[in-house]
Amino acid sequence: MAPAPRRSSASKSGGARAAIPQLSWRDPQPAPIVLVSGPEDVCAERAIAGVRDYLRAEDPTLEVSDIRADDYAAGTLLAVTSPSLFGEPRLVRITGGEKMSDAFLTEALAYIETPQDGATVVLRHTGASVRGKKLLDAIRAGIGGGVEVPCPVIKRDGDRHDFAAGEFKAAGKRIAPAALRALVSAFTGDLTELAAACQQLIADVPGDVTAEVVERYYGGRVETSAFTVADTAISGRLGDALMALRQAMDSGVDPVPLVAAVAMKLRTMARVAGSRESAPALAARLGMKDWQVNNARRDLSGWNQQSLGLAIMAAAQADADVKGASRDAVFALERLITVIATRAPYGTR
């Protein structure tokens, strides 16, 4: 049951130097102690389920117990890890590690000194507090023969794109690049919703997932996403952009992140503009993904240095307007979209 010995000099969730293997949340393996650390709950849930499935595949008689570290009754950990009459393997899932009680901390420190044979203890700690740092440091130092599964937050567009691509790859399902971009753009908020959308397409669609399939399932969300507003404006489609903007506002999209999405795309275009480097080389130099460079180069069609500069200035003004400088945030957004779509100087349309 020992995992591949890939070790890291430091835990991705911070804290003590880690002497234990660092495993991917997509491919976790059991050990006497499995520390699932970091704030991304979607990845943590997958990791914990992966450990359970691994153990159950080895022995269907697996006994599974759940404990809350913040609402802990003394003696529980030892009771659920002790061998049963028939010697079934045991999996103990512990949540609330970032709020663990003193009683749990004391007993967990004692437990990792001599883990029970046949028991796998999974400790979930979000890193939201330093509570239990002594226990985390001990596990990461190798006491108990543990492994760590880091689950860092997924917020950047590139990371979300990689997450969604990984969902389809893990399921052996093909998704067209345009479909993947549309899907990620449609779910820019909660990662849980993006994960659920990926799993729905994987389960429901018999063949490859195309852009048309994503449109059929999530067209309403795609049409009202901030990035769709930005894409249509940048491509010069004023009517479509204003319609998408209205749909976005009607669906409750906040003006501030909408302007931020537009500004982010313009800044990416500015960073890429004028470079003749290959997409991989430029992406590596700028800390971007290849697909982001390719998208920005595609977006630059019909733009020049002057019009791009004017659009960036207009986005800065709109950002101030929607944050209180103007009484009419919708008008400020419409003016920004018009400037971008028509390549006209700010205030002339």
# chains A, B, ... in the order shown; residues from 1 in each chain; ligands from 1
>>> residues_around(residues="range 134-136 of chain A", least_positions_apart="5", cutoff="10 Å", atoms="only C-alpha atoms", output="number ranges by chain")
A: 15-16, 18, 35, 37, 97, 105-106, 108-110, 112, 123, 125, 141, 143, 148
>>> write_last_selection(atoms="N, CA, C and O atoms", output="PDB file, in the first residue's frame")
ATOM      1  N   GLY A  15       3.987  25.826   6.181  1.00  0.00           N
ATOM      2  CA  GLY A  15       4.323  25.165   7.434  1.00  0.00           C
ATOM      3  C   GLY A  15       5.652  24.466   7.360  1.00  0.00           C
ATOM      4  O   GLY A  15       6.572  24.874   6.662  1.00  0.00           O
ATOM      5  N   ALA A  16       5.765  23.369   8.097  1.00  0.00           N
ATOM      6  CA  ALA A  16       7.034  22.680   8.256  1.00  0.00           C
ATOM      7  C   ALA A  16       7.494  22.032   6.960  1.00  0.00           C
ATOM      8  O   ALA A  16       6.711  21.740   6.071  1.00  0.00           O
ATOM      9  N   ALA A  18       8.388  19.170   4.610  1.00  0.00           N
ATOM     10  CA  ALA A  18       7.754  17.859   4.561  1.00  0.00           C
ATOM     11  C   ALA A  18       8.757  16.787   4.184  1.00  0.00           C
ATOM     12  O   ALA A  18       9.439  16.883   3.173  1.00  0.00           O
ATOM     13  N   LEU A  35      -2.606  12.885   5.125  1.00  0.00           N
ATOM     14  CA  LEU A  35      -2.949  14.278   5.423  1.00  0.00           C
ATOM     15  C   LEU A  35      -3.426  14.934   4.134  1.00  0.00           C
ATOM     16  O   LEU A  35      -2.659  15.082   3.181  1.00  0.00           O
ATOM     17  N   SER A  37      -4.421  18.286   2.787  1.00  0.00           N
ATOM     18  CA  SER A  37      -4.264  19.667   3.240  1.00  0.00           C
ATOM     19  C   SER A  37      -4.622  20.663   2.149  1.00  0.00           C
ATOM     20  O   SER A  37      -4.598  20.349   0.960  1.00  0.00           O
ATOM     21  N   GLY A  97     -10.144  19.390  10.832  1.00  0.00           N
ATOM     22  CA  GLY A  97      -8.817  19.419  11.446  1.00  0.00           C
ATOM     23  C   GLY A  97      -8.342  20.813  11.804  1.00  0.00           C
ATOM     24  O   GLY A  97      -7.614  20.993  12.788  1.00  0.00           O
ATOM     25  N   LEU A 105      -6.318  16.573  19.523  1.00  0.00           N
ATOM     26  CA  LEU A 105      -4.896  16.816  19.286  1.00  0.00           C
ATOM     27  C   LEU A 105      -4.035  15.892  20.142  1.00  0.00           C
ATOM     28  O   LEU A 105      -3.087  15.271  19.652  1.00  0.00           O
ATOM     29  N   THR A 106      -4.381  15.766  21.405  1.00  0.00           N
ATOM     30  CA  THR A 106      -3.608  14.920  22.320  1.00  0.00           C
ATOM     31  C   THR A 106      -3.627  13.461  21.880  1.00  0.00           C
ATOM     32  O   THR A 106      -2.579  12.791  21.817  1.00  0.00           O
ATOM     33  N   ALA A 108      -4.451  12.237  18.885  1.00  0.00           N
ATOM     34  CA  ALA A 108      -3.889  12.041  17.543  1.00  0.00           C
ATOM     35  C   ALA A 108      -2.366  12.011  17.598  1.00  0.00           C
ATOM     36  O   ALA A 108      -1.723  11.216  16.905  1.00  0.00           O
ATOM     37  N   LEU A 109      -1.772  12.866  18.417  1.00  0.00           N
ATOM     38  CA  LEU A 109      -0.311  12.859  18.572  1.00  0.00           C
ATOM     39  C   LEU A 109       0.167  11.517  19.127  1.00  0.00           C
ATOM     40  O   LEU A 109       1.204  10.989  18.699  1.00  0.00           O
ATOM     41  N   ALA A 110      -0.591  10.979  20.070  1.00  0.00           N
ATOM     42  CA  ALA A 110      -0.229   9.674  20.619  1.00  0.00           C
ATOM     43  C   ALA A 110      -0.438   8.571  19.584  1.00  0.00           C
ATOM     44  O   ALA A 110       0.382   7.641  19.472  1.00  0.00           O
ATOM     45  N   ILE A 112      -0.280   8.630  16.211  1.00  0.00           N
ATOM     46  CA  ILE A 112       0.676   8.536  15.098  1.00  0.00           C
ATOM     47  C   ILE A 112       2.016   7.942  15.526  1.00  0.00           C
ATOM     48  O   ILE A 112       2.808   7.516  14.675  1.00  0.00           O
ATOM     49  N   LEU A 123      -6.748  12.575   7.513  1.00  0.00           N
ATOM     50  CA  LEU A 123      -7.003  13.809   8.247  1.00  0.00           C
ATOM     51  C   LEU A 123      -7.148  14.960   7.262  1.00  0.00           C
ATOM     52  O   LEU A 123      -6.235  15.261   6.498  1.00  0.00           O
ATOM     53  N   HIS A 125      -7.381  18.887   6.679  1.00  0.00           N
ATOM     54  CA  HIS A 125      -7.047  20.168   7.312  1.00  0.00           C
ATOM     55  C   HIS A 125      -6.973  21.218   6.209  1.00  0.00           C
ATOM     56  O   HIS A 125      -6.135  21.141   5.315  1.00  0.00           O
ATOM     57  N   ALA A 141       6.877  15.382   9.327  1.00  0.00           N
ATOM     58  CA  ALA A 141       8.238  14.951   9.660  1.00  0.00           C
ATOM     59  C   ALA A 141       8.418  13.442   9.470  1.00  0.00           C
ATOM     60  O   ALA A 141       9.530  12.927   9.606  1.00  0.00           O
ATOM     61  N   ILE A 143       6.544  11.023  11.157  1.00  0.00           N
ATOM     62  CA  ILE A 143       6.054  10.201  12.265  1.00  0.00           C
ATOM     63  C   ILE A 143       4.729   9.562  11.854  1.00  0.00           C
ATOM     64  O   ILE A 143       3.801  10.243  11.445  1.00  0.00           O
ATOM     65  N   GLU A 148       1.140  13.088   2.215  1.00  0.00           N
ATOM     66  CA  GLU A 148       0.345  14.313   2.171  1.00  0.00           C
ATOM     67  C   GLU A 148      -0.225  14.488   0.776  1.00  0.00           C
ATOM     68  O   GLU A 148       0.437  14.245  -0.230  1.00  0.00           O
TER      69      GLU A 148
END
>>> select_by_dssp(residues="range 64-107 of chain A", states="helix (DSSP H, G or I)", output="list in words")
Thr76, Leu77, Leu78, Ala79, Val80, Thr81, Gly97, Glu98, Lys99, Asp102, Ala103, Phe104, Leu105, Thr106 and Glu107 of chain A
>>> write_last_selection(atoms="C-alpha atoms", output="PDB file, in the first residue's frame")
ATOM      1  CA  THR A  76     -13.008   7.576  19.681  1.00  0.00           C
ATOM      2  CA  LEU A  77      -9.890   7.443  17.491  1.00  0.00           C
ATOM      3  CA  LEU A  78      -8.474   4.395  19.225  1.00  0.00           C
ATOM      4  CA  ALA A  79     -11.868   2.677  19.216  1.00  0.00           C
ATOM      5  CA  VAL A  80     -12.496   3.011  15.467  1.00  0.00           C
ATOM      6  CA  THR A  81      -8.942   2.082  14.458  1.00  0.00           C
ATOM      7  CA  GLY A  97      -8.817  19.419  11.446  1.00  0.00           C
ATOM      8  CA  GLU A  98      -8.339  23.194  11.288  1.00  0.00           C
ATOM      9  CA  LYS A  99     -10.657  23.465  14.334  1.00  0.00           C
ATOM     10  CA  ASP A 102      -7.443  19.733  22.522  1.00  0.00           C
ATOM     11  CA  ALA A 103      -8.679  16.213  23.237  1.00  0.00           C
ATOM     12  CA  PHE A 104      -8.329  15.199  19.600  1.00  0.00           C
ATOM     13  CA  LEU A 105      -4.896  16.816  19.286  1.00  0.00           C
ATOM     14  CA  THR A 106      -3.608  14.920  22.320  1.00  0.00           C
ATOM     15  CA  GLU A 107      -4.917  11.550  21.192  1.00  0.00           C
TER      16      GLU A 107
END
>>> closest_residue(among="A:Gln247, A:Val130, A:Thr342, A:Asp254", to="Leu310 in chain A", atoms="only C-alpha atoms")
A:Thr342
>>> closest_residue(among="A:Pro21, A:Pro89, A:Pro115, A:Gly38", to="Arg52 in chain A", atoms="only C-alpha atoms")
A:Pro89
>>> atom_distance(atom1="CA of Ala263 in chain A", atom2="CA of Asp290 in chain A")
19.9 Å
>>> closest_residue(among="A:Ala230, A:Leu242, A:Ile202, A:Met100", to="Gly172 in chain A", atoms="only C-alpha atoms")
A:Ile202
>>> residues_around(residues="Leu266 in chain A", least_positions_apart="4", cutoff="9 Å", atoms="only C-alpha atoms", output="list in words")
Ala230, Ile234, Ala261, Val262, Ala270, Arg271, Ala296, Leu308, Ala311, Ile312 and Ala315 of chain A
>>> write_last_selection(atoms="C-alpha atoms", output="compact mmCIF listing (two decimals), in the first residue's frame")
# COMPACT_ATOMS: atom_id res chain seq x y z
CA ALA A 230 -15.47 40.54 -23.38
CA ILE A 234 -13.04 42.46 -28.54
CA ALA A 261 -12.76 40.20 -16.94
CA VAL A 262 -12.66 42.66 -19.83
CA ALA A 270 -1.11 43.87 -24.59
CA ARG A 271 1.45 41.49 -23.11
CA ALA A 296 -4.67 36.51 -27.17
CA LEU A 308 -5.49 48.72 -27.64
CA ALA A 311 -9.35 50.33 -24.75
CA ILE A 312 -7.16 49.73 -21.70
CA ALA A 315 -11.39 49.83 -18.95
>>> residues_around(residues="Met269 in chain A", least_positions_apart="4", cutoff="10 Å", atoms="only C-alpha atoms", output="count of residues only")
15
>>> residues_around(residues="range 42-50 of chain A", least_positions_apart="6", cutoff="10 Å", atoms="only C-alpha atoms", output="ChimeraX atom specification")
/A:23-30,34-36,56,93,122-126,149-154,163,190-193,195-196
>>> closest_residue(among="A:Thr114, A:Val229, A:Asp41, A:Ala73", to="Ala128 in chain A", atoms="only C-alpha atoms")
A:Asp41
>>> closest_residue(among="A:Glu167, A:Glu113, A:Asp70, A:Asp157", to="Arg181 in chain A", atoms="only C-alpha atoms")
A:Asp157
>>> closest_residue(among="A:Ala171, A:Ala69, A:Ile33, A:Ala182", to="Arg140 in chain A", atoms="only C-alpha atoms")
A:Ile33
>>> decode(residues="range 67-82 of chain A", atoms="all heavy atoms", output="PDB file, in the first residue's frame")
ATOM      1  N   ILE A  67     -15.117  10.869  11.777  1.00  0.00           N
ATOM      2  CA  ILE A  67     -14.919  11.589  13.038  1.00  0.00           C
ATOM      3  C   ILE A  67     -14.778  13.077  12.733  1.00  0.00           C
ATOM      4  O   ILE A  67     -14.178  13.459  11.723  1.00  0.00           O
ATOM      5  CB  ILE A  67     -13.631  11.108  13.759  1.00  0.00           C
ATOM      6  CG1 ILE A  67     -13.730   9.644  14.145  1.00  0.00           C
ATOM      7  CG2 ILE A  67     -13.337  11.964  14.980  1.00  0.00           C
ATOM      8  CD1 ILE A  67     -12.445   9.103  14.763  1.00  0.00           C
ATOM      9  N   ARG A  68     -15.316  13.896  13.601  1.00  0.00           N
ATOM     10  CA  ARG A  68     -15.066  15.338  13.516  1.00  0.00           C
ATOM     11  C   ARG A  68     -14.042  15.710  14.576  1.00  0.00           C
ATOM     12  O   ARG A  68     -14.241  15.450  15.768  1.00  0.00           O
ATOM     13  CB  ARG A  68     -16.340  16.152  13.704  1.00  0.00           C
ATOM     14  CG  ARG A  68     -17.268  16.100  12.508  1.00  0.00           C
ATOM     15  CD  ARG A  68     -18.143  17.343  12.450  1.00  0.00           C
ATOM     16  NE  ARG A  68     -17.365  18.565  12.394  1.00  0.00           N
ATOM     17  CZ  ARG A  68     -16.901  19.122  11.273  1.00  0.00           C
ATOM     18  NH1 ARG A  68     -17.124  18.522  10.107  1.00  0.00           N
ATOM     19  NH2 ARG A  68     -16.214  20.245  11.313  1.00  0.00           N
ATOM     20  N   ALA A  69     -12.954  16.330  14.143  1.00  0.00           N
ATOM     21  CA  ALA A  69     -11.888  16.686  15.075  1.00  0.00           C
ATOM     22  C   ALA A  69     -12.285  17.840  15.983  1.00  0.00           C
ATOM     23  O   ALA A  69     -11.686  18.024  17.045  1.00  0.00           O
ATOM     24  CB  ALA A  69     -10.624  17.060  14.289  1.00  0.00           C
ATOM     25  N   ASP A  70     -13.277  18.628  15.557  1.00  0.00           N
ATOM     26  CA  ASP A  70     -13.701  19.776  16.366  1.00  0.00           C
ATOM     27  C   ASP A  70     -14.830  19.428  17.327  1.00  0.00           C
ATOM     28  O   ASP A  70     -15.219  20.243  18.159  1.00  0.00           O
ATOM     29  CB  ASP A  70     -14.120  20.937  15.458  1.00  0.00           C
ATOM     30  CG  ASP A  70     -15.216  20.544  14.478  1.00  0.00           C
ATOM     31  OD1 ASP A  70     -15.416  19.335  14.275  1.00  0.00           O
ATOM     32  OD2 ASP A  70     -15.867  21.442  13.911  1.00  0.00           O
ATOM     33  N   ASP A  71     -15.380  18.241  17.207  1.00  0.00           N
ATOM     34  CA  ASP A  71     -16.448  17.801  18.105  1.00  0.00           C
ATOM     35  C   ASP A  71     -16.127  16.358  18.490  1.00  0.00           C
ATOM     36  O   ASP A  71     -16.838  15.419  18.144  1.00  0.00           O
ATOM     37  CB  ASP A  71     -17.802  17.910  17.385  1.00  0.00           C
ATOM     38  CG  ASP A  71     -18.966  17.571  18.293  1.00  0.00           C
ATOM     39  OD1 ASP A  71     -18.788  17.629  19.529  1.00  0.00           O
ATOM     40  OD2 ASP A  71     -20.046  17.225  17.773  1.00  0.00           O
ATOM     41  N   TYR A  72     -15.059  16.224  19.226  1.00  0.00           N
ATOM     42  CA  TYR A  72     -14.441  14.919  19.438  1.00  0.00           C
ATOM     43  C   TYR A  72     -14.712  14.380  20.831  1.00  0.00           C
ATOM     44  O   TYR A  72     -14.572  15.097  21.832  1.00  0.00           O
ATOM     45  CB  TYR A  72     -12.930  15.035  19.207  1.00  0.00           C
ATOM     46  CG  TYR A  72     -12.179  13.746  19.370  1.00  0.00           C
ATOM     47  CD1 TYR A  72     -12.241  12.763  18.397  1.00  0.00           C
ATOM     48  CD2 TYR A  72     -11.404  13.519  20.510  1.00  0.00           C
ATOM     49  CE1 TYR A  72     -11.541  11.571  18.548  1.00  0.00           C
ATOM     50  CE2 TYR A  72     -10.706  12.331  20.667  1.00  0.00           C
ATOM     51  CZ  TYR A  72     -10.782  11.358  19.687  1.00  0.00           C
ATOM     52  OH  TYR A  72     -10.098  10.180  19.831  1.00  0.00           O
ATOM     53  N   ALA A  73     -15.081  13.098  20.859  1.00  0.00           N
ATOM     54  CA  ALA A  73     -15.278  12.412  22.135  1.00  0.00           C
ATOM     55  C   ALA A  73     -14.033  11.599  22.455  1.00  0.00           C
ATOM     56  O   ALA A  73     -13.558  10.822  21.613  1.00  0.00           O
ATOM     57  CB  ALA A  73     -16.500  11.494  22.065  1.00  0.00           C
ATOM     58  N   ALA A  74     -13.493  11.776  23.640  1.00  0.00           N
ATOM     59  CA  ALA A  74     -12.251  11.101  24.027  1.00  0.00           C
ATOM     60  C   ALA A  74     -12.359   9.590  23.817  1.00  0.00           C
ATOM     61  O   ALA A  74     -13.369   8.970  24.128  1.00  0.00           O
ATOM     62  CB  ALA A  74     -11.935  11.415  25.490  1.00  0.00           C
ATOM     63  N   GLY A  75     -11.292   9.019  23.248  1.00  0.00           N
ATOM     64  CA  GLY A  75     -11.225   7.577  23.047  1.00  0.00           C
ATOM     65  C   GLY A  75     -11.751   7.097  21.708  1.00  0.00           C
ATOM     66  O   GLY A  75     -11.583   5.918  21.358  1.00  0.00           O
ATOM     67  N   THR A  76     -12.379   7.995  20.941  1.00  0.00           N
ATOM     68  CA  THR A  76     -13.008   7.576  19.681  1.00  0.00           C
ATOM     69  C   THR A  76     -11.983   7.086  18.664  1.00  0.00           C
ATOM     70  O   THR A  76     -12.186   6.066  17.994  1.00  0.00           O
ATOM     71  CB  THR A  76     -13.814   8.734  19.080  1.00  0.00           C
ATOM     72  OG1 THR A  76     -14.792   9.183  20.019  1.00  0.00           O
ATOM     73  CG2 THR A  76     -14.499   8.297  17.793  1.00  0.00           C
ATOM     74  N   LEU A  77     -10.876   7.795  18.510  1.00  0.00           N
ATOM     75  CA  LEU A  77      -9.890   7.443  17.491  1.00  0.00           C
ATOM     76  C   LEU A  77      -9.347   6.035  17.710  1.00  0.00           C
ATOM     77  O   LEU A  77      -9.265   5.231  16.768  1.00  0.00           O
ATOM     78  CB  LEU A  77      -8.753   8.464  17.489  1.00  0.00           C
ATOM     79  CG  LEU A  77      -7.632   8.227  16.458  1.00  0.00           C
ATOM     80  CD1 LEU A  77      -8.199   8.180  15.044  1.00  0.00           C
ATOM     81  CD2 LEU A  77      -6.571   9.313  16.585  1.00  0.00           C
ATOM     82  N   LEU A  78      -9.002   5.728  18.933  1.00  0.00           N
ATOM     83  CA  LEU A  78      -8.474   4.395  19.225  1.00  0.00           C
ATOM     84  C   LEU A  78      -9.540   3.325  19.011  1.00  0.00           C
ATOM     85  O   LEU A  78      -9.261   2.237  18.504  1.00  0.00           O
ATOM     86  CB  LEU A  78      -7.955   4.336  20.663  1.00  0.00           C
ATOM     87  CG  LEU A  78      -7.261   3.030  21.067  1.00  0.00           C
ATOM     88  CD1 LEU A  78      -6.066   2.757  20.159  1.00  0.00           C
ATOM     89  CD2 LEU A  78      -6.827   3.087  22.535  1.00  0.00           C
ATOM     90  N   ALA A  79     -10.788   3.657  19.342  1.00  0.00           N
ATOM     91  CA  ALA A  79     -11.868   2.677  19.216  1.00  0.00           C
ATOM     92  C   ALA A  79     -12.129   2.306  17.758  1.00  0.00           C
ATOM     93  O   ALA A  79     -12.306   1.118  17.433  1.00  0.00           O
ATOM     94  CB  ALA A  79     -13.148   3.231  19.850  1.00  0.00           C
ATOM     95  N   VAL A  80     -12.144   3.306  16.866  1.00  0.00           N
ATOM     96  CA  VAL A  80     -12.496   3.011  15.467  1.00  0.00           C
ATOM     97  C   VAL A  80     -11.313   2.477  14.658  1.00  0.00           C
ATOM     98  O   VAL A  80     -11.509   1.910  13.578  1.00  0.00           O
ATOM     99  CB  VAL A  80     -13.074   4.268  14.772  1.00  0.00           C
ATOM    100  CG1 VAL A  80     -14.377   4.681  15.409  1.00  0.00           C
ATOM    101  CG2 VAL A  80     -12.079   5.416  14.769  1.00  0.00           C
ATOM    102  N   THR A  81     -10.102   2.622  15.182  1.00  0.00           N
ATOM    103  CA  THR A  81      -8.942   2.082  14.458  1.00  0.00           C
ATOM    104  C   THR A  81      -8.530   0.704  14.954  1.00  0.00           C
ATOM    105  O   THR A  81      -7.770   0.012  14.280  1.00  0.00           O
ATOM    106  CB  THR A  81      -7.725   3.025  14.592  1.00  0.00           C
ATOM    107  OG1 THR A  81      -7.456   3.268  15.982  1.00  0.00           O
ATOM    108  CG2 THR A  81      -7.979   4.345  13.867  1.00  0.00           C
ATOM    109  N   SER A  82      -9.040   0.297  16.102  1.00  0.00           N
ATOM    110  CA  SER A  82      -8.659  -1.008  16.654  1.00  0.00           C
ATOM    111  C   SER A  82      -9.214  -2.145  15.803  1.00  0.00           C
ATOM    112  O   SER A  82     -10.312  -2.030  15.245  1.00  0.00           O
ATOM    113  CB  SER A  82      -9.179  -1.149  18.089  1.00  0.00           C
ATOM    114  OG  SER A  82      -8.567  -0.178  18.916  1.00  0.00           O
TER     115      SER A  82
END
